[in-house]
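Participant: The following block contains the structure, expressed as structure tokens.
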Amino acid sequence: VVLGLSQGATYEQVTALMIRMFYILTLVASVFLTMNTFVAEKRQGTLDLLYTLPVTDFELVTGKILMNFSVVAGLLLLLDVIYIVGIAETPFYQAFAAFVGLLTVAYYAVALGVFASSVSESPFMALLVAVGVIIAVDIGGFYSGLFPSPAREIFSHFHAFNQFLPFARGVIPLKGTVLFLSGGVLFHFLAVK
């Protein structure tokens with residue numbers, strides 16, 4: 001931030017940098033919030049009780065995801081209003097695109113955390129599974145240049161951090177939106193299974 005300001009960066013550029021940091025915070029907060037979702041149910045023995053209720057597995061997982069997503073979305077709204085709009089005085093288009101991008105990332109990360117919790121026996125194993133997937137998706141795109149031509153283009157599309165960058169600049173890209181929402185739907189589906 002200091003380097004950007006010393007070179008004459010605008011408020012929009014500095015805010016875009018802060019939004020990228022909020023992206024990382026959203027991933028971390030979502031995974032930490034959800035790592036104990038099903039693990040606690042298994043340890044306390046209440047998961048068997050939940051299976052006897054007249055709800056389907058889809059409804060159970062969707063309820064857990066929606067509850068955690070609403071907490072993260074509320075925090076993101078607070079962050080967006082206080083920092084991005086209030087303190088940084090960001091233009092509306094950039095604040096709106098950042099909020100939409102962070103919401104899609106939150107859904108992806110919450111669904112991933114709930115999935116990791118559903119396949120693990122301890123919260124730390126759930127954390128490792130979720131962080132492993134996030135690292136593979138976020139950092140995997142950096143190594144796309146090591147692959148031959150058709151694989152290079154495919155792996156470069158799965159680089160989540162690069163797909164989030166347009167949101168930070170104030171653009172809502174179709175590719176980034178599809179990546180995060182489809183990742184969320186995939187892990188939502190896997191958690192149900």
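Just remember, in the structure tokens the first chain shown is A, the second B, etc., residues are 1-based per chain, and ligands are 1-based in the order shown.
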If we count only C-alpha atoms and set the cut-off at 10 Å, which residues sit around A:Ser122, ignoring sequence neighbours fewer than 6 positions away in its own chain? Please answer as JSON, numbers by chain.

Facilitator: {"A": [35, 36, 38, 39, 40, 42, 43, 116]}

Participant: With a distance cut-off of 12 Å and only C-alpha atoms, select the neighbouring residues of A:Leu127, excluding the residue or stretch itself and same-chain residues fewer than 5 positions from it, and output the selection as a PyMOL selection string.

Facilitator: chain A and resi 27-37+39+109-110+112-122+132-135

Participant: Please produce a file of those selected residues containing N, CA, C and O atoms, as a CSV table (one decimal), in the first residue's frame.

Facilitator:
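Dumped to out_17.csv:
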```csv
chain,number,residue,atom,x,y,z
A,27,LEU,N,-11.8,-16.2,2.7
A,27,LEU,CA,-11.5,-17.6,2.6
A,27,LEU,C,-11.1,-18.2,4.0
A,27,LEU,O,-11.6,-19.2,4.4
A,28,VAL,N,-10.3,-17.5,4.7
A,28,VAL,CA,-9.8,-17.9,6.0
A,28,VAL,C,-11.0,-18.0,7.0
A,28,VAL,O,-11.2,-19.0,7.7
A,29,ALA,N,-11.8,-16.9,7.1
A,29,ALA,CA,-12.9,-16.8,8.0
A,29,ALA,C,-13.9,-17.9,7.7
A,29,ALA,O,-14.4,-18.5,8.6
A,30,SER,N,-14.2,-18.1,6.4
A,30,SER,CA,-15.2,-19.1,6.1
A,30,SER,C,-14.8,-20.5,6.5
A,30,SER,O,-15.5,-21.3,7.0
A,31,VAL,N,-13.5,-20.8,6.2
A,31,VAL,CA,-13.0,-22.2,6.5
A,31,VAL,C,-12.9,-22.4,8.0
A,31,VAL,O,-13.3,-23.4,8.5
A,32,PHE,N,-12.5,-21.4,8.8
A,32,PHE,CA,-12.4,-21.5,10.2
A,32,PHE,C,-13.8,-21.6,10.8
A,32,PHE,O,-14.0,-22.3,11.8
A,33,LEU,N,-14.8,-20.9,10.3
A,33,LEU,CA,-16.1,-20.9,10.8
A,33,LEU,C,-16.8,-22.3,10.6
A,33,LEU,O,-17.5,-22.8,11.4
A,34,THR,N,-16.5,-22.9,9.5
A,34,THR,CA,-17.2,-24.2,9.1
A,34,THR,C,-16.4,-25.5,9.4
A,34,THR,O,-17.0,-26.5,9.3
A,35,MET,N,-15.2,-25.4,9.9
A,35,MET,CA,-14.4,-26.6,10.1
A,35,MET,C,-15.0,-27.5,11.1
A,35,MET,O,-14.7,-28.7,11.2
A,36,ASN,N,-15.9,-27.0,12.0
A,36,ASN,CA,-16.4,-27.8,13.1
A,36,ASN,C,-17.9,-28.2,12.9
A,36,ASN,O,-18.5,-28.7,13.8
A,37,THR,N,-18.4,-27.9,11.7
A,37,THR,CA,-19.8,-28.0,11.4
A,37,THR,C,-20.3,-29.5,11.7
A,37,THR,O,-21.2,-29.7,12.5
A,39,VAL,N,-18.2,-32.1,12.3
A,39,VAL,CA,-17.3,-32.8,13.3
A,39,VAL,C,-17.9,-32.7,14.7
A,39,VAL,O,-17.9,-33.7,15.4
A,109,ALA,N,-16.2,-21.0,-0.3
A,109,ALA,CA,-15.4,-21.3,0.9
A,109,ALA,C,-16.3,-22.0,2.0
A,109,ALA,O,-15.8,-23.0,2.6
A,110,VAL,N,-17.5,-21.5,2.2
A,110,VAL,CA,-18.4,-22.2,3.2
A,110,VAL,C,-18.7,-23.6,2.7
A,110,VAL,O,-18.7,-24.5,3.5
A,112,LEU,N,-17.1,-25.5,0.8
A,112,LEU,CA,-15.8,-26.3,0.9
A,112,LEU,C,-15.6,-26.7,2.4
A,112,LEU,O,-15.3,-27.8,2.7
A,113,GLY,N,-15.8,-25.7,3.3
A,113,GLY,CA,-15.6,-26.0,4.7
A,113,GLY,C,-16.5,-27.0,5.2
A,113,GLY,O,-16.2,-27.9,6.0
A,114,VAL,N,-17.8,-26.9,4.8
A,114,VAL,CA,-18.8,-27.9,5.3
A,114,VAL,C,-18.5,-29.3,4.7
A,114,VAL,O,-18.6,-30.3,5.4
A,115,PHE,N,-18.1,-29.3,3.4
A,115,PHE,CA,-17.7,-30.6,2.8
A,115,PHE,C,-16.5,-31.2,3.6
A,115,PHE,O,-16.5,-32.4,3.9
A,116,ALA,N,-15.5,-30.4,3.9
A,116,ALA,CA,-14.3,-30.9,4.6
A,116,ALA,C,-14.7,-31.4,6.0
A,116,ALA,O,-14.2,-32.4,6.5
A,117,SER,N,-15.6,-30.7,6.6
A,117,SER,CA,-16.1,-31.1,7.9
A,117,SER,C,-16.9,-32.4,7.9
A,117,SER,O,-16.8,-33.2,8.8
A,118,SER,N,-17.6,-32.6,6.8
A,118,SER,CA,-18.4,-33.9,6.6
A,118,SER,C,-17.5,-35.1,6.4
A,118,SER,O,-18.0,-36.2,6.7
A,119,VAL,N,-16.3,-34.9,5.9
A,119,VAL,CA,-15.5,-36.1,5.6
A,119,VAL,C,-14.4,-36.3,6.6
A,119,VAL,O,-13.6,-37.2,6.5
A,120,SER,N,-14.4,-35.5,7.7
A,120,SER,CA,-13.3,-35.5,8.6
A,120,SER,C,-13.8,-35.9,10.0
A,120,SER,O,-15.0,-35.8,10.3
A,121,GLU,N,-12.9,-36.4,10.8
A,121,GLU,CA,-13.2,-36.8,12.2
A,121,GLU,C,-12.8,-35.8,13.2
A,121,GLU,O,-13.2,-35.9,14.4
A,122,SER,N,-12.0,-34.8,12.8
A,122,SER,CA,-11.5,-33.8,13.7
A,122,SER,C,-11.5,-32.4,13.0
A,122,SER,O,-11.4,-32.4,11.8
A,132,GLY,N,-6.0,-27.4,1.9
A,132,GLY,CA,-5.3,-28.1,0.8
A,132,GLY,C,-6.0,-27.9,-0.5
A,132,GLY,O,-5.4,-27.6,-1.5
A,133,VAL,N,-7.4,-27.9,-0.5
A,133,VAL,CA,-8.1,-27.6,-1.7
A,133,VAL,C,-7.9,-26.1,-2.1
A,133,VAL,O,-7.7,-25.8,-3.3
A,134,ILE,N,-8.0,-25.2,-1.2
A,134,ILE,CA,-7.8,-23.8,-1.5
A,134,ILE,C,-6.4,-23.5,-2.1
A,134,ILE,O,-6.3,-22.8,-3.0
A,135,ILE,N,-5.4,-24.2,-1.5
A,135,ILE,CA,-4.1,-24.0,-2.0
A,135,ILE,C,-4.0,-24.5,-3.4
A,135,ILE,O,-3.4,-23.9,-4.3
```

Participant: Between A:Leu146, A:Leu128, A:Leu102, A:Ala151, which residue has the minimum interatomic distance to A:Gln163, considering only C-alpha atoms?

Facilitator: A:Leu102

Participant: Could you pull out the helix (DSSP H, G or I) residues of stretch 45-124 of chain A, going by DSSP on the backbone, and write them as a count of residues only?

Facilitator: 67

Participant: If we count only C-alpha atoms and set the cut-off at 9 Å, which residues sit around A:Tyr143, ignoring sequence neighbours fewer than 2 positions away in its own chain? Please answer as a list in words.

Facilitator: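 My reading of the contact set: Ile139, Gly140, Gly141, Gly145, Leu146, Phe147, Arg152, Phe155 and Ser156 of chain A.
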
Participant: Separation of atom CA of A:Leu174 and atom CA of A:Ala136, in Å?

Facilitator: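 Calculated distance between atom CA of A:Leu174 and atom CA of A:Ala136 is 21.8 Å.
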
Participant: Identify which of the residues A:Tyr23, A:Val131, A:Leu66, A:His159 lies closest to A:Ser144, counting only C-alpha atoms when measuring atom-to-atom distances.

Facilitator: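 Among the listed residues, A:His159 lies closest to A:Ser144.
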
Participant: Please compute the atom CA of A:Gly184-atom CA of A:Phe167 distance, one decimal, in Å.

Facilitator: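 A separation of 17.4 Å between them.
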
Participant: Would you please work out which residue, of A:Leu75, A:Val61, A:Ala126, A:Val192, is nearest to A:Thr26 when using only C-alpha atoms?

Facilitator: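 Looking only at the distances to A:Thr26, the closest residue turns out to be A:Leu75.
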
Participant: State, in Å with one decimal place, the distance from atom CA of A:Leu79 to atom CA of A:Val171.

Facilitator: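 About the pair atom CA of A:Leu79 and atom CA of A:Val171: they are 18.9 Å apart.
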
Participant: List as a ChimeraX atom specification the protein and nucleic acid residues near A:Gln94, meaning an atom at most 12 Å away when only C-alpha atoms are counted, but skip any in the same chain fewer than 4 places from it.

Facilitator: /A:11-19,80,84-85,88-90,98-102,165-172

Participant: Name the closest residue to A:His188 among the candidates A:Pro148, A:Gly63, A:Gly74, A:Pro54; distances are taken between atoms, counting only C-alpha atoms.

Facilitator: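 Closest residue, counting only C-alpha atoms: A:Gly63.
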
Participant: Which of these residues is nearest to A:Met67, using only C-alpha atoms: A:Ala111, A:Ala191, A:Ala130, A:Ala97?

Facilitator: A:Ala111
